[in-house]
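J.: File follows, final26.cif with mmCIF, C-alpha atoms:
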```
data_start
#
loop_
_atom_site.group_PDB
_atom_site.id
_atom_site.type_symbol
_atom_site.label_atom_id
_atom_site.label_comp_id
_atom_site.auth_asym_id
_atom_site.auth_seq_id
_atom_site.Cartn_x
_atom_site.Cartn_y
_atom_site.Cartn_z
ATOM 1 C CA MET A 8 27.798 2.951 26.476
ATOM 2 C CA GLU A 9 24.121 3.651 25.880
ATOM 3 C CA ARG A 10 23.389 6.569 23.569
ATOM 4 C CA PRO A 11 21.634 9.385 25.478
ATOM 5 C CA LYS A 12 18.091 10.011 24.315
ATOM 6 C CA MET A 13 17.181 13.195 22.535
ATOM 7 C CA ALA A 14 14.455 15.245 24.179
ATOM 8 C CA SER A 15 11.964 14.327 21.456
ATOM 9 C CA GLU A 16 12.679 10.637 22.002
ATOM 10 C CA ALA A 17 12.448 10.813 25.758
ATOM 11 C CA HIS A 18 9.024 12.444 25.791
ATOM 12 C CA THR A 19 7.281 10.818 22.810
ATOM 13 C CA PRO A 20 4.132 9.209 24.229
ATOM 14 C CA ASP A 21 2.737 5.874 23.123
ATOM 15 C CA LYS A 22 -0.278 6.834 21.021
ATOM 16 C CA THR A 23 -1.484 3.303 20.335
ATOM 17 C CA PRO A 24 -5.251 3.134 21.026
ATOM 18 C CA ARG A 25 -6.027 1.083 24.129
ATOM 19 C CA THR A 26 -9.783 0.757 23.712
ATOM 20 C CA GLU A 27 -12.149 -0.268 20.923
ATOM 21 C CA ARG A 28 -13.515 3.270 20.855
ATOM 22 C CA GLY A 29 -9.988 4.595 20.464
ATOM 23 C CA ARG A 30 -9.305 2.201 17.602
ATOM 24 C CA ARG A 31 -12.499 3.321 15.866
ATOM 25 C CA THR A 32 -11.493 6.966 16.261
ATOM 26 C CA GLN A 33 -8.013 6.329 14.910
ATOM 27 C CA ARG A 34 -9.521 4.406 11.988
ATOM 28 C CA ALA A 35 -11.858 7.320 11.229
ATOM 29 C CA ILE A 36 -8.918 9.731 11.265
ATOM 30 C CA LEU A 37 -6.872 7.558 8.902
ATOM 31 C CA ASP A 38 -9.804 7.173 6.517
ATOM 32 C CA ALA A 39 -10.365 10.922 6.611
ATOM 33 C CA ALA A 40 -6.662 11.533 5.990
ATOM 34 C CA ALA A 41 -6.846 9.274 2.928
ATOM 35 C CA ALA A 42 -9.733 11.351 1.579
ATOM 36 C CA GLU A 43 -8.062 14.672 2.458
ATOM 37 C CA PHE A 44 -4.647 13.873 1.004
ATOM 38 C CA GLY A 45 -6.132 11.949 -1.894
ATOM 39 C CA GLU A 46 -8.182 14.997 -2.905
ATOM 40 C CA LYS A 47 -5.834 17.854 -2.004
ATOM 41 C CA GLY A 48 -2.385 16.340 -1.744
ATOM 42 C CA PHE A 49 -0.142 16.513 1.287
ATOM 43 C CA HIS A 50 0.805 20.174 1.131
ATOM 44 C CA ASP A 51 -2.714 21.534 0.635
ATOM 45 C CA GLY A 52 -4.321 19.033 2.974
ATOM 46 C CA SER A 53 -4.677 20.050 6.609
ATOM 47 C CA VAL A 54 -5.244 18.604 10.049
ATOM 48 C CA SER A 55 -8.418 20.669 10.369
ATOM 49 C CA GLY A 56 -9.643 19.223 7.069
ATOM 50 C CA ILE A 57 -8.966 15.725 8.337
ATOM 51 C CA THR A 58 -10.808 16.273 11.609
ATOM 52 C CA ARG A 59 -13.803 17.782 9.790
ATOM 53 C CA ARG A 60 -14.006 14.763 7.515
ATOM 54 C CA ALA A 61 -13.610 12.385 10.459
ATOM 55 C CA GLY A 62 -16.132 14.244 12.613
ATOM 56 C CA VAL A 63 -13.726 14.431 15.547
ATOM 57 C CA ALA A 64 -12.348 17.261 17.643
ATOM 58 C CA LEU A 65 -8.891 18.661 16.965
ATOM 59 C CA GLY A 66 -7.762 17.388 20.347
ATOM 60 C CA SER A 67 -8.764 13.862 19.370
ATOM 61 C CA PHE A 68 -6.418 14.045 16.388
ATOM 62 C CA TYR A 69 -3.456 14.871 18.612
ATOM 63 C CA THR A 70 -4.355 12.024 20.920
ATOM 64 C CA TYR A 71 -3.262 9.665 18.142
ATOM 65 C CA PHE A 72 -0.929 11.667 15.885
ATOM 66 C CA ASP A 73 1.664 14.335 16.639
ATOM 67 C CA SER A 74 1.363 16.203 13.348
ATOM 68 C CA LYS A 75 0.240 16.182 9.737
ATOM 69 C CA ASP A 76 3.535 14.495 8.855
ATOM 70 C CA ALA A 77 2.894 11.781 11.442
ATOM 71 C CA VAL A 78 -0.578 10.952 10.168
ATOM 72 C CA PHE A 79 0.738 10.883 6.602
ATOM 73 C CA ARG A 80 3.452 8.390 7.559
ATOM 74 C CA ALA A 81 0.880 6.269 9.374
ATOM 75 C CA LEU A 82 -1.433 6.471 6.364
ATOM 76 C CA VAL A 83 1.221 5.211 3.940
ATOM 77 C CA ALA A 84 1.870 2.224 6.217
ATOM 78 C CA ASP A 85 -1.868 1.680 6.675
ATOM 79 C CA MET A 86 -2.630 1.732 2.956
ATOM 80 C CA SER A 87 0.250 -0.622 2.262
ATOM 81 C CA ALA A 88 -1.173 -3.002 4.882
ATOM 82 C CA GLN A 89 -4.668 -2.682 3.423
ATOM 83 C CA VAL A 90 -3.414 -3.730 -0.013
ATOM 84 C CA ARG A 91 -1.532 -6.664 1.511
ATOM 85 C CA ASP A 92 -4.524 -7.816 3.535
ATOM 86 C CA HIS A 93 -6.899 -7.450 0.583
ATOM 87 C CA VAL A 94 -4.882 -9.558 -1.858
ATOM 88 C CA ALA A 95 -3.410 -12.113 0.561
ATOM 89 C CA PRO A 96 -6.455 -14.426 0.882
ATOM 90 C CA ALA A 97 -6.826 -14.731 -2.893
ATOM 91 C CA ILE A 98 -3.126 -15.513 -3.264
ATOM 92 C CA ARG A 99 -3.281 -18.152 -0.522
ATOM 93 C CA ASP A 100 -6.339 -19.840 -2.035
ATOM 94 C CA ALA A 101 -4.972 -20.036 -5.586
ATOM 95 C CA ASP A 102 -3.931 -23.341 -7.112
ATOM 96 C CA GLY A 103 -0.319 -22.879 -8.188
ATOM 97 C CA GLN A 104 1.934 -19.833 -8.365
ATOM 98 C CA ILE A 105 0.869 -18.488 -11.753
ATOM 99 C CA ALA A 106 -2.720 -18.599 -10.555
ATOM 100 C CA ALA A 107 -1.624 -16.903 -7.324
ATOM 101 C CA GLU A 108 0.017 -14.028 -9.195
ATOM 102 C CA ARG A 109 -3.079 -13.709 -11.377
ATOM 103 C CA ALA A 110 -5.320 -13.610 -8.306
ATOM 104 C CA GLY A 111 -3.116 -11.029 -6.612
ATOM 105 C CA LEU A 112 -3.230 -8.694 -9.600
ATOM 106 C CA PHE A 113 -6.981 -9.177 -10.038
ATOM 107 C CA GLU A 114 -7.646 -8.223 -6.409
ATOM 108 C CA PHE A 115 -5.153 -5.354 -6.547
ATOM 109 C CA ILE A 116 -6.938 -3.752 -9.496
ATOM 110 C CA ARG A 117 -10.259 -4.169 -7.700
ATOM 111 C CA PHE A 118 -8.791 -2.525 -4.613
ATOM 112 C CA VAL A 119 -7.366 0.369 -6.621
ATOM 113 C CA ARG A 120 -10.699 1.054 -8.300
ATOM 114 C CA ALA A 121 -12.272 1.452 -4.871
ATOM 115 C CA HIS A 122 -9.307 3.438 -3.463
ATOM 116 C CA LYS A 123 -7.980 5.585 -6.292
ATOM 117 C CA GLU A 124 -6.339 7.890 -3.747
ATOM 118 C CA LEU A 125 -3.737 5.168 -3.134
ATOM 119 C CA TYR A 126 -1.538 6.271 -6.024
ATOM 120 C CA ARG A 127 -1.499 9.965 -5.166
ATOM 121 C CA ILE A 128 -0.645 9.243 -1.547
ATOM 122 C CA ILE A 129 2.100 6.718 -2.293
ATOM 123 C CA ASP A 130 3.571 8.913 -5.029
ATOM 124 C CA GLU A 131 3.697 11.937 -2.715
ATOM 125 C CA ALA A 132 5.431 9.833 -0.083
ATOM 126 C CA GLU A 133 8.519 9.818 -2.310
ATOM 127 C CA PHE A 134 8.976 13.494 -1.453
ATOM 128 C CA VAL A 135 7.132 13.868 1.864
ATOM 129 C CA ASP A 136 8.579 10.784 3.558
ATOM 130 C CA PRO A 137 11.062 8.916 1.330
ATOM 131 C CA ALA A 138 11.631 6.209 3.948
ATOM 132 C CA SER A 139 7.927 5.278 3.914
ATOM 133 C CA PHE A 140 7.897 5.329 0.116
ATOM 134 C CA ARG A 141 10.868 2.999 -0.096
ATOM 135 C CA ARG A 142 9.523 0.741 2.650
ATOM 136 C CA HIS A 143 6.193 0.338 0.856
ATOM 137 C CA TYR A 144 7.795 -0.998 -2.302
ATOM 138 C CA ALA A 145 10.635 -2.895 -0.632
ATOM 139 C CA THR A 146 8.323 -4.873 1.628
ATOM 140 C CA THR A 147 5.952 -5.587 -1.254
ATOM 141 C CA ALA A 148 8.824 -6.927 -3.350
ATOM 142 C CA GLU A 149 10.050 -9.006 -0.403
ATOM 143 C CA ARG A 150 6.643 -10.684 -0.125
ATOM 144 C CA ILE A 151 6.595 -11.445 -3.856
ATOM 145 C CA LEU A 152 10.124 -12.848 -3.726
ATOM 146 C CA ALA A 153 9.283 -15.044 -0.733
ATOM 147 C CA ARG A 154 6.313 -16.605 -2.484
ATOM 148 C CA LEU A 155 8.258 -17.043 -5.752
ATOM 149 C CA GLN A 156 11.054 -18.833 -3.925
ATOM 150 C CA ALA A 157 8.545 -21.024 -2.103
ATOM 151 C CA ALA A 158 6.934 -21.842 -5.445
ATOM 152 C CA ALA A 159 10.339 -22.655 -6.937
ATOM 153 C CA GLY A 160 10.847 -25.116 -4.109
ATOM 154 C CA ARG A 161 7.581 -26.787 -5.112
ATOM 155 C CA GLY A 162 8.597 -26.905 -8.759
ATOM 156 C CA GLU A 163 5.868 -24.456 -9.853
ATOM 157 C CA VAL A 164 8.209 -21.811 -11.301
ATOM 158 C CA ARG A 165 11.794 -21.743 -12.557
ATOM 159 C CA ASP A 166 14.375 -22.409 -9.889
ATOM 160 C CA ASP A 167 16.446 -19.261 -10.516
ATOM 161 C CA VAL A 168 13.772 -16.752 -9.485
ATOM 162 C CA SER A 169 15.382 -13.751 -7.831
ATOM 163 C CA GLU A 170 14.803 -10.265 -6.514
ATOM 164 C CA VAL A 171 14.836 -9.023 -10.113
ATOM 165 C CA HIS A 172 11.800 -11.161 -10.935
ATOM 166 C CA ALA A 173 9.986 -9.947 -7.812
ATOM 167 C CA TRP A 174 10.568 -6.275 -8.634
ATOM 168 C CA ALA A 175 9.580 -6.876 -12.268
ATOM 169 C CA ILE A 176 6.259 -8.425 -11.248
ATOM 170 C CA MET A 177 5.623 -5.664 -8.738
ATOM 171 C CA GLY A 178 6.447 -2.932 -11.259
ATOM 172 C CA MET A 179 4.142 -4.488 -13.815
ATOM 173 C CA ASN A 180 1.317 -4.688 -11.288
ATOM 174 C CA VAL A 181 1.823 -1.092 -10.130
ATOM 175 C CA PHE A 182 1.474 0.325 -13.633
ATOM 176 C CA LEU A 183 -1.370 -1.979 -14.587
ATOM 177 C CA GLY A 184 -3.193 -0.760 -11.482
ATOM 178 C CA LEU A 185 -2.546 2.827 -12.542
ATOM 179 C CA ARG A 186 -3.727 2.259 -16.123
ATOM 180 C CA TYR A 187 -6.757 0.044 -15.456
ATOM 181 C CA GLY A 188 -7.629 1.072 -11.925
ATOM 182 C CA VAL A 189 -7.057 4.829 -11.776
ATOM 183 C CA TRP A 190 -6.833 6.266 -15.273
ATOM 184 C CA ASP A 191 -9.562 4.205 -16.879
ATOM 185 C CA GLU A 192 -11.679 1.108 -16.293
ATOM 186 C CA ASP A 193 -12.098 0.162 -19.948
ATOM 187 C CA ARG A 194 -10.853 -3.396 -19.412
ATOM 188 C CA SER A 195 -12.037 -5.818 -16.773
ATOM 189 C CA PRO A 196 -9.695 -6.932 -13.985
ATOM 190 C CA ASP A 197 -10.231 -10.492 -15.245
ATOM 191 C CA ALA A 198 -8.982 -9.613 -18.723
ATOM 192 C CA VAL A 199 -5.912 -7.816 -17.387
ATOM 193 C CA ALA A 200 -5.100 -10.605 -14.945
ATOM 194 C CA ASP A 201 -5.547 -13.262 -17.648
ATOM 195 C CA ALA A 202 -3.125 -11.457 -19.965
ATOM 196 C CA VAL A 203 -0.502 -11.216 -17.232
ATOM 197 C CA ALA A 204 -0.927 -14.847 -16.185
ATOM 198 C CA THR A 205 -0.310 -15.884 -19.800
ATOM 199 C CA LEU A 206 2.737 -13.612 -19.933
ATOM 200 C CA LEU A 207 4.166 -15.121 -16.761
ATOM 201 C CA ALA A 208 3.478 -18.678 -17.908
ATOM 202 C CA ARG A 209 4.588 -18.417 -21.537
ATOM 203 C CA GLY A 210 6.619 -15.238 -22.042
ATOM 204 C CA ILE A 211 6.405 -13.145 -25.202
ATOM 205 C CA ALA A 212 8.800 -14.971 -27.518
ATOM 206 C CA PRO A 213 7.385 -16.127 -30.893
ATOM 207 C CA GLY A 214 5.482 -19.372 -30.529
ATOM 208 C CA SER A 215 5.345 -19.146 -26.757
#
```
What is this file in C-alpha coordinates?
T.:
Amino acid sequence: MERPKMASEAHTPDKTPRTERGRRTQRAILDAAAAEFGEKGFHDGSVSGITRRAGVALGSFYTYFDSKDAVFRALVADMSAQVRDHVAPAIRDADGQIAAERAGLFEFIRFVRAHKELYRIIDEAEFVDPASFRRHYATTAERILARLQAAAGRGEVRDDVSEVHAWAIMGMNVFLGLRYGVWDEDRSPDAVADAVATLLARGIAPGS
(Lines of atoms letter the chains of each structure in order from A and count residues from 1; the text may use other names and numbers.)
(Lines give C-alpha, C1' and ligand atoms only; values in the text may rest on other atoms or scores of the structure.)
Protein backbone atom coordinates (compact mmCIF):
# COMPACT_ATOMS: atom_id res chain seq x y z
CA MET A 1 0.00 0.00 0.00
CA GLU A 2 1.39 3.39 -0.96
CA ARG A 3 2.31 5.64 1.95
CA PRO A 4 0.06 8.73 2.02
CA LYS A 5 1.92 11.96 1.38
CA MET A 6 2.34 14.52 4.11
CA ALA A 7 0.95 17.96 3.33
CA SER A 8 4.45 19.41 2.96
CA GLU A 9 5.35 16.70 0.46
CA ALA A 10 2.18 17.05 -1.55
CA HIS A 11 2.56 20.79 -2.09
CA THR A 12 6.34 21.22 -2.44
CA PRO A 13 6.86 22.87 -5.84
CA ASP A 14 9.68 22.06 -8.22
CA LYS A 15 12.01 25.04 -7.87
CA THR A 16 14.50 23.96 -10.52
CA PRO A 17 15.21 26.95 -12.82
CA ARG A 18 13.73 26.44 -16.29
CA THR A 19 15.44 29.31 -18.09
CA GLU A 20 19.00 30.60 -18.43
CA ARG A 21 17.97 33.76 -16.61
CA GLY A 22 16.59 31.65 -13.78
CA ARG A 23 19.81 29.65 -13.57
CA ARG A 24 21.82 32.88 -13.39
CA THR A 25 19.59 34.18 -10.60
CA GLN A 26 19.88 30.95 -8.64
CA ARG A 27 23.66 31.02 -9.12
CA ALA A 28 23.79 34.59 -7.82
CA ILE A 29 21.77 33.60 -4.76
CA LEU A 30 24.04 30.63 -4.00
CA ASP A 31 27.16 32.76 -4.39
CA ALA A 32 25.65 35.39 -2.12
CA ALA A 33 24.71 32.71 0.42
CA ALA A 34 28.32 31.50 0.42
CA ALA A 35 29.49 35.04 1.19
CA GLU A 36 26.78 35.61 3.82
CA PHE A 37 27.24 32.34 5.69
CA GLY A 38 30.99 32.39 5.21
CA GLU A 39 31.19 35.81 6.88
CA LYS A 40 28.44 35.57 9.50
CA GLY A 41 27.76 31.88 9.97
CA PHE A 42 24.41 30.21 9.53
CA HIS A 43 22.65 31.55 12.60
CA ASP A 44 23.62 35.20 12.12
CA GLY A 45 23.25 35.10 8.35
CA SER A 46 19.87 36.04 6.93
CA VAL A 47 17.78 35.72 3.80
CA SER A 48 17.65 39.51 3.53
CA GLY A 49 21.45 39.62 3.72
CA ILE A 50 21.67 37.06 0.94
CA THR A 51 19.27 38.93 -1.33
CA ARG A 52 21.12 42.22 -0.74
CA ARG A 53 24.41 40.60 -1.70
CA ALA A 54 22.82 38.94 -4.74
CA GLY A 55 21.03 42.11 -5.83
CA VAL A 56 17.70 40.31 -6.13
CA ALA A 57 14.26 40.86 -4.64
CA LEU A 58 13.11 38.84 -1.64
CA GLY A 59 10.45 37.24 -3.80
CA SER A 60 13.11 36.00 -6.20
CA PHE A 61 14.79 34.14 -3.34
CA TYR A 62 11.60 32.24 -2.54
CA THR A 63 11.17 31.37 -6.18
CA TYR A 64 14.18 29.06 -5.79
CA PHE A 65 14.46 28.28 -2.07
CA ASP A 66 11.83 27.73 0.61
CA SER A 67 13.90 29.00 3.54
CA LYS A 68 17.31 29.84 4.93
CA ASP A 69 17.71 26.17 5.82
CA ALA A 70 16.91 25.16 2.24
CA VAL A 71 19.47 27.49 0.69
CA PHE A 72 22.08 26.32 3.19
CA ARG A 73 21.47 22.68 2.26
CA ALA A 74 21.68 23.57 -1.42
CA LEU A 75 24.88 25.53 -0.77
CA VAL A 76 26.61 22.59 0.94
CA ALA A 77 25.77 20.37 -2.04
CA ASP A 78 26.83 23.11 -4.46
CA MET A 79 30.18 23.70 -2.79
CA SER A 80 30.85 19.98 -2.66
CA ALA A 81 30.13 19.80 -6.40
CA GLN A 82 32.35 22.81 -7.07
CA VAL A 83 35.29 21.13 -5.34
CA ARG A 84 34.67 17.92 -7.29
CA ASP A 85 34.43 19.72 -10.62
CA HIS A 86 37.52 21.82 -9.91
CA VAL A 87 39.84 18.91 -9.08
CA ALA A 88 38.42 16.28 -11.45
CA PRO A 89 40.14 17.42 -14.69
CA ALA A 90 43.57 17.49 -13.04
CA ILE A 91 43.02 14.01 -11.60
CA ARG A 92 41.90 12.65 -14.98
CA ASP A 93 44.89 14.14 -16.80
CA ALA A 94 47.52 12.86 -14.36
CA ASP A 95 49.90 10.07 -15.33
CA GLY A 96 49.44 7.38 -12.69
CA GLN A 97 47.54 7.30 -9.41
CA ILE A 98 50.16 8.89 -7.16
CA ALA A 99 50.36 11.77 -9.61
CA ALA A 100 46.55 11.92 -9.65
CA GLU A 101 46.36 12.21 -5.87
CA ARG A 102 49.06 14.88 -5.96
CA ALA A 103 47.16 16.82 -8.62
CA GLY A 104 43.90 16.55 -6.69
CA LEU A 105 45.45 17.94 -3.52
CA PHE A 106 47.24 20.71 -5.42
CA GLU A 107 43.99 21.87 -7.04
CA PHE A 108 42.06 21.49 -3.78
CA ILE A 109 44.43 23.83 -1.94
CA ARG A 110 44.17 26.32 -4.79
CA PHE A 111 40.39 26.13 -4.61
CA VAL A 112 40.37 26.61 -0.85
CA ARG A 113 42.57 29.70 -1.07
CA ALA A 114 40.02 31.27 -3.40
CA HIS A 115 37.01 30.02 -1.36
CA LYS A 116 38.04 30.14 2.29
CA GLU A 117 34.37 30.18 3.30
CA LEU A 118 34.19 26.49 2.34
CA TYR A 119 35.43 25.29 5.72
CA ARG A 120 33.11 27.41 7.83
CA ILE A 121 30.09 26.36 5.79
CA ILE A 122 30.92 22.65 5.76
CA ASP A 123 31.80 22.67 9.46
CA GLU A 124 28.51 24.36 10.37
CA ALA A 125 26.64 21.77 8.33
CA GLU A 126 27.52 19.21 11.00
CA PHE A 127 25.07 20.98 13.30
CA VAL A 128 22.71 22.76 10.88
CA ASP A 129 22.14 19.82 8.53
CA PRO A 130 24.02 16.68 9.64
CA ALA A 131 22.80 14.69 6.63
CA SER A 132 24.43 17.17 4.22
CA PHE A 133 27.61 17.16 6.29
CA ARG A 134 27.84 13.38 6.22
CA ARG A 135 26.93 13.22 2.53
CA HIS A 136 29.70 15.67 1.62
CA TYR A 137 32.41 13.54 3.17
CA ALA A 138 30.91 10.15 2.32
CA THR A 139 30.60 10.93 -1.38
CA THR A 140 34.11 12.40 -1.46
CA ALA A 141 35.52 9.24 0.13
CA GLU A 142 33.54 7.09 -2.31
CA ARG A 143 35.13 8.90 -5.26
CA ILE A 144 38.62 8.44 -3.80
CA LEU A 145 37.97 4.75 -3.14
CA ALA A 146 36.67 4.21 -6.68
CA ARG A 147 39.78 5.70 -8.24
CA LEU A 148 42.09 3.81 -5.85
CA GLN A 149 40.42 0.52 -6.73
CA ALA A 150 40.64 1.33 -10.43
CA ALA A 151 44.33 2.11 -9.97
CA ALA A 152 44.83 -1.16 -8.09
CA GLY A 153 43.35 -2.95 -11.07
CA ARG A 154 45.97 -1.28 -13.26
CA GLY A 155 48.77 -2.23 -10.88
CA GLU A 156 49.51 1.39 -9.91
CA VAL A 157 48.83 0.99 -6.18
CA ARG A 158 48.70 -1.91 -3.73
CA ASP A 159 45.91 -4.36 -4.39
CA ASP A 160 44.41 -4.23 -0.88
CA VAL A 161 43.32 -0.58 -0.98
CA SER A 162 40.11 -0.13 0.98
CA GLU A 163 37.69 2.39 2.40
CA VAL A 164 40.17 3.02 5.21
CA HIS A 165 42.77 4.24 2.72
CA ALA A 166 40.20 6.47 1.00
CA TRP A 167 39.12 8.11 4.26
CA ALA A 168 42.76 8.51 5.33
CA ILE A 169 43.65 10.34 2.12
CA MET A 170 40.55 12.50 2.37
CA GLY A 171 41.23 13.37 6.01
CA MET A 172 44.80 14.30 5.21
CA ASN A 173 43.67 16.53 2.35
CA VAL A 174 40.98 18.22 4.45
CA PHE A 175 43.43 19.27 7.15
CA LEU A 176 46.15 20.23 4.71
CA GLY A 177 43.60 22.48 3.00
CA LEU A 178 42.73 24.01 6.36
CA ARG A 179 46.38 24.58 7.33
CA TYR A 180 47.75 25.78 3.99
CA GLY A 181 44.62 27.15 2.37
CA VAL A 182 42.69 28.86 5.17
CA TRP A 183 44.94 29.45 8.15
CA ASP A 184 48.06 30.45 6.28
CA GLU A 185 49.59 30.39 2.81
CA ASP A 186 53.21 30.13 3.92
CA ARG A 187 53.89 27.06 1.77
CA SER A 188 53.10 26.67 -1.90
CA PRO A 189 50.47 24.16 -3.04
CA ASP A 190 53.24 22.51 -5.08
CA ALA A 191 55.39 21.94 -2.00
CA VAL A 192 52.49 20.51 0.00
CA ALA A 193 51.38 18.27 -2.86
CA ASP A 194 54.95 17.05 -3.45
CA ALA A 195 55.33 16.08 0.21
CA VAL A 196 52.08 14.13 0.16
CA ALA A 197 52.90 12.39 -3.12
CA THR A 198 56.19 11.23 -1.59
CA LEU A 199 54.34 10.06 1.52
CA LEU A 200 51.86 8.07 -0.55
CA ALA A 201 54.58 6.55 -2.72
CA ARG A 202 57.16 5.74 -0.05
CA GLY A 203 55.56 5.92 3.40
CA ILE A 204 57.39 7.25 6.44
CA ALA A 205 59.35 4.20 7.58
CA PRO A 206 63.15 4.63 7.92
CA GLY A 207 64.86 4.31 4.57
CA SER A 208 61.63 4.61 2.62
J.: Using the chain letters and numbers from the file, give me the residues hit by the PyMOL selection byres ((chain A and resi 66-74) around 12), as a count of residues only.
T.: 42
J.: Every residue with an atom at most 12 Å from (11.7, -12.1, 0.4) (file coordinates; only C-alpha atoms) is what I'm after, so could you write them as an MDAnalysis selection string?
T.: chainID A and resid 145:157 168:174
J.: Nearest to Glu108 (chain A) among A:Arg209, A:Trp190, A:Pro196, A:Ile176, with distances taken over only C-alpha atoms: which residue is it?
T.: A:Ile176
J.: Running the PyMOL selection byres ((chain A and resi 185) around 12) on this model by hand, what would come out? Give it as a PDB file with C-alpha atoms, keeping the file's coordinate frame.
T.:
```
ATOM      1  CA  LEU A 112      -3.230  -8.694  -9.600  1.00  0.00           C
ATOM      2  CA  PHE A 115      -5.153  -5.354  -6.547  1.00  0.00           C
ATOM      3  CA  ILE A 116      -6.938  -3.752  -9.496  1.00  0.00           C
ATOM      4  CA  ARG A 117     -10.259  -4.169  -7.700  1.00  0.00           C
ATOM      5  CA  PHE A 118      -8.791  -2.525  -4.613  1.00  0.00           C
ATOM      6  CA  VAL A 119      -7.366   0.369  -6.621  1.00  0.00           C
ATOM      7  CA  ARG A 120     -10.699   1.054  -8.300  1.00  0.00           C
ATOM      8  CA  HIS A 122      -9.307   3.438  -3.463  1.00  0.00           C
ATOM      9  CA  LYS A 123      -7.980   5.585  -6.292  1.00  0.00           C
ATOM     10  CA  GLU A 124      -6.339   7.890  -3.747  1.00  0.00           C
ATOM     11  CA  LEU A 125      -3.737   5.168  -3.134  1.00  0.00           C
ATOM     12  CA  TYR A 126      -1.538   6.271  -6.024  1.00  0.00           C
ATOM     13  CA  ARG A 127      -1.499   9.965  -5.166  1.00  0.00           C
ATOM     14  CA  ILE A 129       2.100   6.718  -2.293  1.00  0.00           C
ATOM     15  CA  ASP A 130       3.571   8.913  -5.029  1.00  0.00           C
ATOM     16  CA  GLY A 178       6.447  -2.932 -11.259  1.00  0.00           C
ATOM     17  CA  MET A 179       4.142  -4.488 -13.815  1.00  0.00           C
ATOM     18  CA  ASN A 180       1.317  -4.688 -11.288  1.00  0.00           C
ATOM     19  CA  VAL A 181       1.823  -1.092 -10.130  1.00  0.00           C
ATOM     20  CA  PHE A 182       1.474   0.325 -13.633  1.00  0.00           C
ATOM     21  CA  LEU A 183      -1.370  -1.979 -14.587  1.00  0.00           C
ATOM     22  CA  GLY A 184      -3.193  -0.760 -11.482  1.00  0.00           C
ATOM     23  CA  ARG A 186      -3.727   2.259 -16.123  1.00  0.00           C
ATOM     24  CA  TYR A 187      -6.757   0.044 -15.456  1.00  0.00           C
ATOM     25  CA  GLY A 188      -7.629   1.072 -11.925  1.00  0.00           C
ATOM     26  CA  VAL A 189      -7.057   4.829 -11.776  1.00  0.00           C
ATOM     27  CA  TRP A 190      -6.833   6.266 -15.273  1.00  0.00           C
ATOM     28  CA  ASP A 191      -9.562   4.205 -16.879  1.00  0.00           C
ATOM     29  CA  GLU A 192     -11.679   1.108 -16.293  1.00  0.00           C
TER      30      GLU A 192
END
```
J.: Extending 8 Å beyond the listed atoms of region 52-63 of chain A on each side, what axis-aligned box results? I want centre and edge lengths in Å to one decimal, as lines of an AutoDock Vina configuration file.
T.:
```
center_x = -10.2
center_y = 16.5
center_z = 9.3
size_x = 27.8
size_y = 24.3
size_z = 28.6
```
J.: To test your reading of the syntax: which residues would the PyMOL selection byres ((chain A and resi 135) around 9) return for the file shown? Reply as a PyMOL selection string.
T.: chain A and resi 49-50+76+79-80+131-134+136-137+139-140
J.: CA of Ala158 (chain A) to CA of Gly214 (chain A): how many Å, to one decimal?
T.: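 Calculated distance between CA of Ala158 (chain A) and CA of Gly214 (chain A) is 25.2 Å.
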J.: Considering only C-alpha atoms, can you say which of A:Ala41, A:Met177, A:Asp102, A:Ala107 comes closest to Asp85 (chain A)?
T.: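 Of the candidates, the smallest distance to Asp85 (chain A) is held by A:Ala41.
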J.: Please compute the CA of Asp193 (chain A)-CA of Ser87 (chain A) distance, one decimal, in Å.
T.: 25.4 Å
